[in-house]
Structure formats: structure tokens, C-alpha cells
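Below is input01.cif, holding mmCIF, C-alpha atoms.
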```cif
data_model
loop_
_atom_site.group_PDB
_atom_site.id
_atom_site.type_symbol
_atom_site.label_atom_id
_atom_site.label_comp_id
_atom_site.auth_asym_id
_atom_site.auth_seq_id
_atom_site.Cartn_x
_atom_site.Cartn_y
_atom_site.Cartn_z
ATOM 1 C CA ALA A 29 -0.833 -13.996 -25.037
ATOM 2 C CA GLN A 30 -2.270 -13.396 -21.646
ATOM 3 C CA SER A 31 -1.271 -15.661 -18.814
ATOM 4 C CA VAL A 32 -2.233 -16.227 -15.222
ATOM 5 C CA SER A 33 0.280 -17.235 -12.577
ATOM 6 C CA GLN A 34 -0.445 -18.893 -9.297
ATOM 7 C CA HIS A 35 2.781 -19.198 -7.423
ATOM 8 C CA ASN A 36 1.627 -21.494 -4.641
ATOM 9 C CA HIS A 37 1.094 -24.968 -6.025
ATOM 10 C CA HIS A 38 0.435 -26.763 -2.777
ATOM 11 C CA VAL A 39 -0.360 -25.146 0.540
ATOM 12 C CA ILE A 40 -0.780 -26.994 3.813
ATOM 13 C CA LEU A 41 -2.333 -25.141 6.738
ATOM 14 C CA SER A 42 -3.740 -25.969 10.109
ATOM 15 C CA GLU A 43 -7.308 -25.069 10.902
ATOM 16 C CA ALA A 44 -7.776 -21.437 11.963
ATOM 17 C CA ALA A 45 -4.652 -20.343 10.115
ATOM 18 C CA SER A 46 -4.915 -17.434 7.725
ATOM 19 C CA LEU A 47 -4.731 -18.007 3.999
ATOM 20 C CA GLU A 48 -3.440 -15.942 1.142
ATOM 21 C CA LEU A 49 -3.105 -17.379 -2.352
ATOM 22 C CA GLY A 50 -1.335 -15.328 -4.968
ATOM 23 C CA CYS A 51 -2.594 -14.669 -8.481
ATOM 24 C CA ASN A 52 -0.919 -12.491 -11.078
ATOM 25 C CA TYR A 53 -1.959 -11.955 -14.669
ATOM 26 C CA SER A 54 -0.202 -10.533 -17.673
ATOM 27 C CA TYR A 55 -2.955 -8.817 -19.648
ATOM 28 C CA GLY A 56 -2.548 -5.042 -19.785
ATOM 29 C CA GLY A 57 -6.106 -3.980 -20.516
ATOM 30 C CA THR A 58 -9.305 -4.100 -18.538
ATOM 31 C CA VAL A 59 -9.962 -7.537 -17.120
ATOM 32 C CA ASN A 60 -12.572 -9.471 -15.263
ATOM 33 C CA LEU A 61 -11.144 -11.645 -12.513
ATOM 34 C CA PHE A 62 -12.407 -14.788 -10.863
ATOM 35 C CA TRP A 63 -11.526 -17.296 -8.218
ATOM 36 C CA TYR A 64 -12.982 -20.771 -8.599
ATOM 37 C CA VAL A 65 -12.831 -23.651 -6.158
ATOM 38 C CA GLN A 66 -12.963 -27.325 -6.983
ATOM 39 C CA TYR A 67 -13.772 -29.622 -4.102
ATOM 40 C CA PRO A 68 -12.829 -33.258 -4.624
ATOM 41 C CA GLY A 69 -15.198 -34.850 -7.110
ATOM 42 C CA GLN A 70 -17.296 -31.729 -7.566
ATOM 43 C CA HIS A 71 -17.926 -29.031 -10.167
ATOM 44 C CA LEU A 72 -15.861 -25.928 -10.383
ATOM 45 C CA GLN A 73 -17.668 -23.351 -8.278
ATOM 46 C CA LEU A 74 -17.289 -19.616 -8.249
ATOM 47 C CA LEU A 75 -15.864 -18.173 -5.040
ATOM 48 C CA LEU A 76 -15.865 -14.554 -6.088
ATOM 49 C CA LYS A 77 -15.487 -12.256 -9.044
ATOM 50 C CA TYR A 78 -14.347 -8.765 -9.865
ATOM 51 C CA PHE A 79 -15.644 -6.707 -12.750
ATOM 52 C CA SER A 80 -15.335 -3.136 -11.536
ATOM 53 C CA GLY A 81 -15.801 -0.936 -8.492
ATOM 54 C CA ASP A 82 -14.474 -1.713 -5.040
ATOM 55 C CA PRO A 83 -11.228 -3.638 -5.540
ATOM 56 C CA LEU A 84 -11.835 -5.595 -2.349
ATOM 57 C CA VAL A 85 -14.302 -8.293 -3.248
ATOM 58 C CA LYS A 86 -16.069 -10.543 -0.801
ATOM 59 C CA GLY A 87 -17.182 -13.982 -1.840
ATOM 60 C CA ILE A 88 -18.792 -17.032 -0.382
ATOM 61 C CA LYS A 89 -17.581 -18.967 2.637
ATOM 62 C CA GLY A 90 -15.645 -16.039 4.097
ATOM 63 C CA PHE A 91 -13.262 -15.627 1.185
ATOM 64 C CA GLU A 92 -12.210 -12.259 -0.161
ATOM 65 C CA ALA A 93 -9.818 -11.043 -2.818
ATOM 66 C CA GLU A 94 -8.159 -7.751 -3.542
ATOM 67 C CA PHE A 95 -7.565 -6.457 -7.034
ATOM 68 C CA ILE A 96 -4.400 -4.380 -7.216
ATOM 69 C CA LYS A 97 -4.216 -3.029 -10.731
ATOM 70 C CA SER A 98 -0.690 -1.692 -10.416
ATOM 71 C CA LYS A 99 0.549 -5.129 -9.451
ATOM 72 C CA PHE A 100 -1.664 -7.078 -11.873
ATOM 73 C CA SER A 101 -2.693 -9.139 -8.891
ATOM 74 C CA PHE A 102 -5.865 -10.632 -7.477
ATOM 75 C CA ASN A 103 -4.883 -12.472 -4.324
ATOM 76 C CA LEU A 104 -7.344 -14.635 -2.453
ATOM 77 C CA ARG A 105 -7.569 -14.439 1.321
ATOM 78 C CA LYS A 106 -9.393 -15.992 4.203
ATOM 79 C CA PRO A 107 -8.642 -15.033 7.804
ATOM 80 C CA SER A 108 -9.310 -18.457 9.306
ATOM 81 C CA VAL A 109 -9.459 -21.625 7.235
ATOM 82 C CA GLN A 110 -11.464 -24.719 8.038
ATOM 83 C CA TRP A 111 -10.889 -28.351 7.203
ATOM 84 C CA SER A 112 -13.758 -28.086 4.720
ATOM 85 C CA ASP A 113 -11.748 -25.546 2.705
ATOM 86 C CA THR A 114 -9.510 -28.362 1.494
ATOM 87 C CA ALA A 115 -9.802 -28.079 -2.276
ATOM 88 C CA GLU A 116 -8.101 -26.805 -5.393
ATOM 89 C CA TYR A 117 -8.334 -23.105 -6.084
ATOM 90 C CA PHE A 118 -8.074 -21.572 -9.530
ATOM 91 C CA CYS A 119 -7.617 -17.958 -10.464
ATOM 92 C CA ALA A 120 -9.048 -17.010 -13.867
ATOM 93 C CA VAL A 121 -8.974 -13.941 -16.059
ATOM 94 C CA ASN A 122 -11.258 -12.771 -18.815
ATOM 95 C CA PRO A 123 -10.246 -9.671 -20.788
ATOM 96 C CA ASP A 124 -13.033 -7.176 -21.138
ATOM 97 C CA THR A 125 -12.978 -7.446 -24.919
ATOM 98 C CA GLY A 126 -15.966 -9.654 -25.563
ATOM 99 C CA ARG A 127 -14.000 -12.880 -25.623
ATOM 100 C CA ARG A 128 -15.688 -14.971 -23.023
ATOM 101 C CA ALA A 129 -13.371 -17.886 -22.558
ATOM 102 C CA LEU A 130 -11.350 -17.804 -19.369
ATOM 103 C CA THR A 131 -7.627 -18.145 -18.935
ATOM 104 C CA PHE A 132 -6.878 -20.135 -15.822
ATOM 105 C CA GLY A 133 -3.936 -20.235 -13.510
ATOM 106 C CA SER A 134 -2.293 -23.544 -12.729
ATOM 107 C CA GLY A 135 -4.250 -23.957 -9.530
ATOM 108 C CA THR A 136 -3.317 -24.199 -5.871
ATOM 109 C CA ARG A 137 -4.055 -27.303 -3.885
ATOM 110 C CA LEU A 138 -4.984 -26.322 -0.342
ATOM 111 C CA GLN A 139 -4.837 -28.926 2.355
ATOM 112 C CA VAL A 140 -6.204 -27.942 5.753
ATOM 113 C CA GLN A 141 -5.233 -30.197 8.597
ATOM 114 C CA PRO A 142 -7.603 -30.534 11.532
ATOM 115 C CA SER B 8 -27.239 -19.620 -12.843
ATOM 116 C CA ALA B 9 -26.934 -22.180 -15.582
ATOM 117 C CA VAL B 10 -26.958 -25.890 -14.907
ATOM 118 C CA ILE B 11 -24.600 -27.791 -17.164
ATOM 119 C CA SER B 12 -24.687 -31.568 -17.411
ATOM 120 C CA GLN B 13 -22.015 -33.712 -18.978
ATOM 121 C CA LYS B 14 -22.107 -37.326 -20.020
ATOM 122 C CA PRO B 15 -20.341 -39.599 -19.400
ATOM 123 C CA SER B 16 -18.867 -38.567 -16.073
ATOM 124 C CA ARG B 17 -15.995 -40.958 -16.582
ATOM 125 C CA ASP B 18 -14.802 -43.566 -19.029
ATOM 126 C CA ILE B 19 -11.896 -45.865 -19.649
ATOM 127 C CA CYS B 20 -11.125 -46.304 -23.331
ATOM 128 C CA GLN B 21 -8.750 -48.302 -25.462
ATOM 129 C CA ARG B 22 -6.147 -46.400 -27.417
ATOM 130 C CA GLY B 23 -7.115 -45.790 -31.019
ATOM 131 C CA THR B 24 -10.802 -45.479 -30.233
ATOM 132 C CA SER B 25 -12.921 -42.331 -29.990
ATOM 133 C CA LEU B 26 -15.182 -40.990 -27.286
ATOM 134 C CA THR B 27 -17.931 -38.422 -27.651
ATOM 135 C CA ILE B 28 -18.728 -36.288 -24.636
ATOM 136 C CA GLN B 29 -22.086 -34.597 -24.402
ATOM 137 C CA CYS B 30 -22.829 -31.294 -22.761
ATOM 138 C CA GLN B 31 -26.353 -30.092 -22.048
ATOM 139 C CA VAL B 32 -27.220 -26.636 -20.738
ATOM 140 C CA ASP B 33 -30.549 -25.879 -19.136
ATOM 141 C CA SER B 34 -30.904 -22.574 -20.973
ATOM 142 C CA GLN B 35 -29.988 -21.244 -24.384
ATOM 143 C CA VAL B 36 -26.435 -19.978 -24.580
ATOM 144 C CA THR B 37 -24.637 -18.379 -27.475
ATOM 145 C CA MET B 38 -21.201 -19.756 -26.798
ATOM 146 C CA MET B 39 -20.039 -22.922 -25.190
ATOM 147 C CA PHE B 40 -16.473 -23.723 -24.311
ATOM 148 C CA TRP B 41 -14.564 -26.971 -24.037
ATOM 149 C CA TYR B 42 -11.605 -27.184 -21.681
ATOM 150 C CA ARG B 43 -9.125 -29.889 -20.826
ATOM 151 C CA GLN B 44 -7.626 -30.375 -17.382
ATOM 152 C CA GLN B 45 -4.668 -32.718 -17.571
ATOM 153 C CA PRO B 46 -3.520 -34.429 -14.378
ATOM 154 C CA GLY B 47 -2.003 -31.918 -12.003
ATOM 155 C CA GLN B 48 -2.488 -29.039 -14.402
ATOM 156 C CA SER B 49 -4.871 -26.187 -14.956
ATOM 157 C CA LEU B 50 -7.716 -25.829 -17.391
ATOM 158 C CA THR B 51 -6.733 -25.262 -20.985
ATOM 159 C CA LEU B 52 -9.249 -24.054 -23.533
ATOM 160 C CA ILE B 53 -9.666 -26.462 -26.424
ATOM 161 C CA ALA B 54 -12.243 -24.620 -28.494
ATOM 162 C CA THR B 55 -15.210 -22.295 -28.538
ATOM 163 C CA ALA B 56 -18.403 -23.721 -29.979
ATOM 164 C CA ASN B 57 -20.935 -21.407 -31.589
ATOM 165 C CA GLN B 58 -24.261 -22.606 -32.824
ATOM 166 C CA GLY B 59 -24.482 -22.656 -36.584
ATOM 167 C CA SER B 60 -20.801 -22.268 -37.307
ATOM 168 C CA GLU B 61 -17.618 -24.235 -36.986
ATOM 169 C CA ALA B 62 -15.891 -24.260 -33.660
ATOM 170 C CA THR B 63 -12.890 -22.027 -33.115
ATOM 171 C CA TYR B 64 -9.879 -24.004 -31.913
ATOM 172 C CA GLU B 65 -7.050 -22.799 -29.757
ATOM 173 C CA SER B 66 -3.434 -23.230 -30.673
ATOM 174 C CA GLY B 67 -2.406 -26.856 -30.334
ATOM 175 C CA PHE B 68 -5.882 -28.265 -30.887
ATOM 176 C CA VAL B 69 -7.290 -29.313 -34.253
ATOM 177 C CA ILE B 70 -10.682 -30.276 -35.541
ATOM 178 C CA ASP B 71 -9.594 -33.702 -36.738
ATOM 179 C CA LYS B 72 -8.570 -34.661 -33.216
ATOM 180 C CA PHE B 73 -11.350 -32.885 -31.322
ATOM 181 C CA PRO B 74 -14.384 -32.505 -33.583
ATOM 182 C CA ILE B 75 -17.139 -30.490 -31.981
ATOM 183 C CA SER B 76 -20.805 -30.291 -32.775
ATOM 184 C CA ARG B 77 -23.209 -27.563 -31.734
ATOM 185 C CA PRO B 78 -26.580 -28.463 -33.202
ATOM 186 C CA ASN B 79 -28.582 -26.037 -31.064
ATOM 187 C CA LEU B 80 -28.238 -23.430 -28.331
ATOM 188 C CA THR B 81 -28.447 -25.896 -25.441
ATOM 189 C CA PHE B 82 -26.240 -28.756 -26.540
ATOM 190 C CA SER B 83 -22.728 -29.518 -27.702
ATOM 191 C CA THR B 84 -20.528 -32.542 -28.133
ATOM 192 C CA LEU B 85 -16.769 -32.956 -28.092
ATOM 193 C CA THR B 86 -15.213 -36.055 -29.609
ATOM 194 C CA VAL B 87 -11.745 -37.165 -28.619
ATOM 195 C CA SER B 88 -10.567 -39.093 -31.675
ATOM 196 C CA ASN B 89 -7.966 -41.791 -32.095
ATOM 197 C CA MET B 90 -7.154 -41.638 -28.430
ATOM 198 C CA SER B 91 -3.772 -42.174 -26.891
ATOM 199 C CA PRO B 92 -2.788 -42.277 -23.208
ATOM 200 C CA GLU B 93 -1.762 -38.626 -23.480
ATOM 201 C CA ASP B 94 -5.442 -37.783 -23.930
ATOM 202 C CA SER B 95 -6.183 -39.003 -20.424
ATOM 203 C CA SER B 96 -7.616 -35.938 -18.813
ATOM 204 C CA ILE B 97 -10.717 -34.296 -17.452
ATOM 205 C CA TYR B 98 -12.756 -32.611 -20.150
ATOM 206 C CA LEU B 99 -15.096 -29.822 -19.106
ATOM 207 C CA CYS B 100 -17.665 -27.792 -20.916
ATOM 208 C CA SER B 101 -18.799 -24.390 -19.818
ATOM 209 C CA ASP B 102 -20.722 -21.343 -20.826
ATOM 210 C CA LYS B 103 -20.061 -17.765 -19.916
ATOM 211 C CA PRO B 104 -22.678 -15.155 -20.588
ATOM 212 C CA PRO B 105 -21.394 -11.605 -20.775
ATOM 213 C CA LEU B 106 -20.660 -9.913 -17.466
ATOM 214 C CA THR B 107 -21.123 -13.060 -15.404
ATOM 215 C CA GLU B 108 -19.011 -15.918 -14.274
ATOM 216 C CA ALA B 109 -18.626 -19.120 -16.251
ATOM 217 C CA PHE B 110 -20.665 -22.149 -15.305
ATOM 218 C CA PHE B 111 -19.112 -25.580 -15.676
ATOM 219 C CA GLY B 112 -20.221 -29.111 -16.136
ATOM 220 C CA GLN B 113 -18.947 -31.665 -13.653
ATOM 221 C CA GLY B 114 -16.387 -32.858 -16.143
ATOM 222 C CA THR B 115 -15.670 -36.126 -17.894
ATOM 223 C CA ARG B 116 -12.728 -38.031 -16.506
ATOM 224 C CA LEU B 117 -11.169 -39.938 -19.394
ATOM 225 C CA THR B 118 -8.552 -42.615 -18.982
ATOM 226 C CA VAL B 119 -6.985 -44.085 -22.101
ATOM 227 C CA VAL B 120 -5.299 -47.448 -21.727
#
```

Taking this structure as input, can you express it in the form of C-alpha cells?
Amino acid sequence: AQSVSQHNHHVILSEAASLELGCNYSYGGTVNLFWYVQYPGQHLQLLLKYFSGDPLVKGIKGFEAEFIKSKFSFNLRKPSVQWSDTAEYFCAVNPDTGRRALTFGSGTRLQVQP
Amino acid sequence: SAVISQKPSRDICQRGTSLTIQCQVDSQVTMMFWYRQQPGQSLTLIATANQGSEATYESGFVIDKFPISRPNLTFSTLTVSNMSPEDSSIYLCSDKPPLTEAFFGQGTRLTVV
């Protein structure tokens, strides 16, 4: 079965620090990749997605992610975090086989200190 | 983008009772999905709900415990039956049209005491 691994469970950064959250998946075929963010008490929101094309994907709020097929990775980055980025971040994978349910990583709790 | 509404947003229930969670989508969707997010953990798919057919359950989840209804293309319910404290969790519904991201409800935070 496919799986998604997020190795950083809890990250604490100061404002203006750079962020990189790791995401690796195990599925060998073509995949669609997503990063979702969950702010406290709010819906899951899409940060960015990759279906095909340029492996460097830009999302909302200054986030970007790079798909590296050879490494089965889709790491999330932001050059300078803000206090408002404090949230939980989930990587998710959807094989390109018609099955639409997502497989989620365990999530990374990001805490940005002012 | 779809707007997905869930009711109730939270509830505290006695063990042994059942709770039905409603999920309303503002447009017709073929498939709806029910996930569980246990404390400190990620989202785990419970089942896929198709209109007009029985839901498809993932390993570890059974219809007797989590019966699902899907009476039309905009609505679904998930019932958590005979609850125990281990069922305390956030339950989320979502849809995911092809070639787009999934849209989620705000979740139902269930506490079983």
C-alpha cells in the first residue's frame, strides 16, 4: 500500500527563518501531490499541488514545493516564515489511477515564534 | 471550488451511543470521502461514498460501526455507532473531483466520555 512520510513532526522557527518540510511517498507510479495547511480551528486548505509539468510548484502565501521523482519527494519550502504561518502542514498523495481519495502524511506542526 | 459544510461542528457523547454527522456540498459530486483524524495523527480514510451504491470501506473500518448514507449527489452522512472513547476524533468529509484538489468540510470534533 502506498504511504506518505513526513519526517518532521514538530518544527519551531523564529520569524524570517527559512522553512523546509520533508515529504516522501512510496507509490511507484504517476502521482498527484498536494500540500495542505490547517490553521487552528479552520478547514484544511490547499497550499499547492502538482499534477505534471514544472516540478517546482508555487503556491499561496509564498510557499513552494519541488517534486523530485527520483527521490519520491515533494518537500515544502518557504524562504522567510511569519508568525501567521503557525499551523499544521500535511503532505498528501493521490495516485493517477482514478482513485480520488488522498493518502496523507502524519503532518508537521509548525510553530513560528515572533 | 466546492463549499462543504458539516454538522455538528463538535459534540460530546456518552459511550454506547451513536452520532450521525452530516455533510452537505454546494454542488453535485460523484464521490464523497469520510476521513478520521485522531488526536495528534494524520487523516485516515474511513470510506468512499458513492451515490446509489454502498460505501466502500477501508481496511479496519466496517459498515456496522460507521454506516454511511449517500441519498443524493450533494449530501452524505456518517454515523459513529456504539461509541467508545477510542472514537474520539475529528471526522472530516471531502470531495475530490478529477484533476483537482480535495475540498474539506471544517470537521466534526467528537469527544466520547

Go through A:Ile40, A:Ile96, A:Val121, A:Leu84 one by one, measure the shortest atom-to-atom distance of each to chain B using only C-alpha atoms, and give the residue with the smallest value.
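Ranked by minimum distance to chain B, first place goes to A:Val121.
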
Residues of chain B no more than 12 Å from chain A, counting only C-alpha atoms: send them over as a VMD selection string.
chain B and resid 8 to 13 16 to 17 36 to 57 63 to 66 97 to 116

Would you mind exporting C-alpha atoms of the selected residues as a short mmCIF file (atom, residue, chain, number, x, y, z; two decimals), in the coordinates of the input?
```cif
data_model
loop_
_atom_site.label_atom_id
_atom_site.label_comp_id
_atom_site.auth_asym_id
_atom_site.auth_seq_id
_atom_site.Cartn_x
_atom_site.Cartn_y
_atom_site.Cartn_z
CA SER B 8 -27.24 -19.62 -12.84
CA ALA B 9 -26.93 -22.18 -15.58
CA VAL B 10 -26.96 -25.89 -14.91
CA ILE B 11 -24.60 -27.79 -17.16
CA SER B 12 -24.69 -31.57 -17.41
CA GLN B 13 -22.02 -33.71 -18.98
CA SER B 16 -18.87 -38.57 -16.07
CA ARG B 17 -16.00 -40.96 -16.58
CA VAL B 36 -26.44 -19.98 -24.58
CA THR B 37 -24.64 -18.38 -27.48
CA MET B 38 -21.20 -19.76 -26.80
CA MET B 39 -20.04 -22.92 -25.19
CA PHE B 40 -16.47 -23.72 -24.31
CA TRP B 41 -14.56 -26.97 -24.04
CA TYR B 42 -11.60 -27.18 -21.68
CA ARG B 43 -9.12 -29.89 -20.83
CA GLN B 44 -7.63 -30.38 -17.38
CA GLN B 45 -4.67 -32.72 -17.57
CA PRO B 46 -3.52 -34.43 -14.38
CA GLY B 47 -2.00 -31.92 -12.00
CA GLN B 48 -2.49 -29.04 -14.40
CA SER B 49 -4.87 -26.19 -14.96
CA LEU B 50 -7.72 -25.83 -17.39
CA THR B 51 -6.73 -25.26 -20.98
CA LEU B 52 -9.25 -24.05 -23.53
CA ILE B 53 -9.67 -26.46 -26.42
CA ALA B 54 -12.24 -24.62 -28.49
CA THR B 55 -15.21 -22.30 -28.54
CA ALA B 56 -18.40 -23.72 -29.98
CA ASN B 57 -20.94 -21.41 -31.59
CA THR B 63 -12.89 -22.03 -33.12
CA TYR B 64 -9.88 -24.00 -31.91
CA GLU B 65 -7.05 -22.80 -29.76
CA SER B 66 -3.43 -23.23 -30.67
CA ILE B 97 -10.72 -34.30 -17.45
CA TYR B 98 -12.76 -32.61 -20.15
CA LEU B 99 -15.10 -29.82 -19.11
CA CYS B 100 -17.66 -27.79 -20.92
CA SER B 101 -18.80 -24.39 -19.82
CA ASP B 102 -20.72 -21.34 -20.83
CA LYS B 103 -20.06 -17.76 -19.92
CA PRO B 104 -22.68 -15.16 -20.59
CA PRO B 105 -21.39 -11.60 -20.78
CA LEU B 106 -20.66 -9.91 -17.47
CA THR B 107 -21.12 -13.06 -15.40
CA GLU B 108 -19.01 -15.92 -14.27
CA ALA B 109 -18.63 -19.12 -16.25
CA PHE B 110 -20.66 -22.15 -15.30
CA PHE B 111 -19.11 -25.58 -15.68
CA GLY B 112 -20.22 -29.11 -16.14
CA GLN B 113 -18.95 -31.66 -13.65
CA GLY B 114 -16.39 -32.86 -16.14
CA THR B 115 -15.67 -36.13 -17.89
CA ARG B 116 -12.73 -38.03 -16.51
#
```

Can you give me, as JSON, numbers by chain, the residues this file yields under the PyMOL selection byres ((chain B and resi 93) around 12)?
{"B": [22, 23, 43, 44, 45, 46, 87, 89, 90, 91, 92, 94, 95, 96, 97, 117, 118, 119, 120]}

Could you give me, as number ranges by chain, the residues within 9 Å of Phe100 of chain A, counting all atoms listed in the file and dropping anything in the same chain fewer than 5 positions from it?
A: 51-56, 95

In Å, how far is it from atom CA of Ser108 of chain A to atom CA of Val140 of chain A?
10.6 Å

Could you pull out every residue with an atom within 9 Å of (-7.9, -22.8, 10.3), file coordinates, counting all atoms listed in the file, and send them as a list of chain:residue names?
A:Leu41, A:Ser42, A:Glu43, A:Ala44, A:Ala45, A:Ser46, A:Leu47, A:Pro107, A:Ser108, A:Val109, A:Gln110, A:Trp111, A:Asp113, A:Val140, A:Gln141, A:Pro142

Expressed in Å to a single decimal, how great is the separation between atom CA of Lys14 of chain B and atom CA of Val69 of chain B?
22.1 Å

Quote the spacing between atom CA of Pro123 of chain A and atom CA of Ser31 of chain A in Å to one decimal place.
11.0 Å

Picked residues, the PyMOL selection byres ((chain A and resi 89-92) around 7), expected as a count of residues only
9

From B:Gln35, B:Pro15, B:Gln58, B:Thr27, residue lying nearest Pro78 of chain B [all atoms listed in the file]:
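That would be B:Gln58, the residue with the smallest distance to Pro78 of chain B.
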
Could you list, as a JSON list (two decimals) with C-alpha atoms, in the frame of the given file, every residue matched by the PyMOL selection byres ((chain B and resi 84) around 6) in this structure?
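Final output, saved to selection25.json:
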```json
[["chain", "number", "residue", "atom", "x", "y", "z"],
["B", 28, "ILE", "CA", -18.73, -36.29, -24.64],
["B", 29, "GLN", "CA", -22.09, -34.60, -24.40],
["B", 30, "CYS", "CA", -22.83, -31.29, -22.76],
["B", 75, "ILE", "CA", -17.14, -30.49, -31.98],
["B", 76, "SER", "CA", -20.80, -30.29, -32.78],
["B", 83, "SER", "CA", -22.73, -29.52, -27.70],
["B", 85, "LEU", "CA", -16.77, -32.96, -28.09]]
```
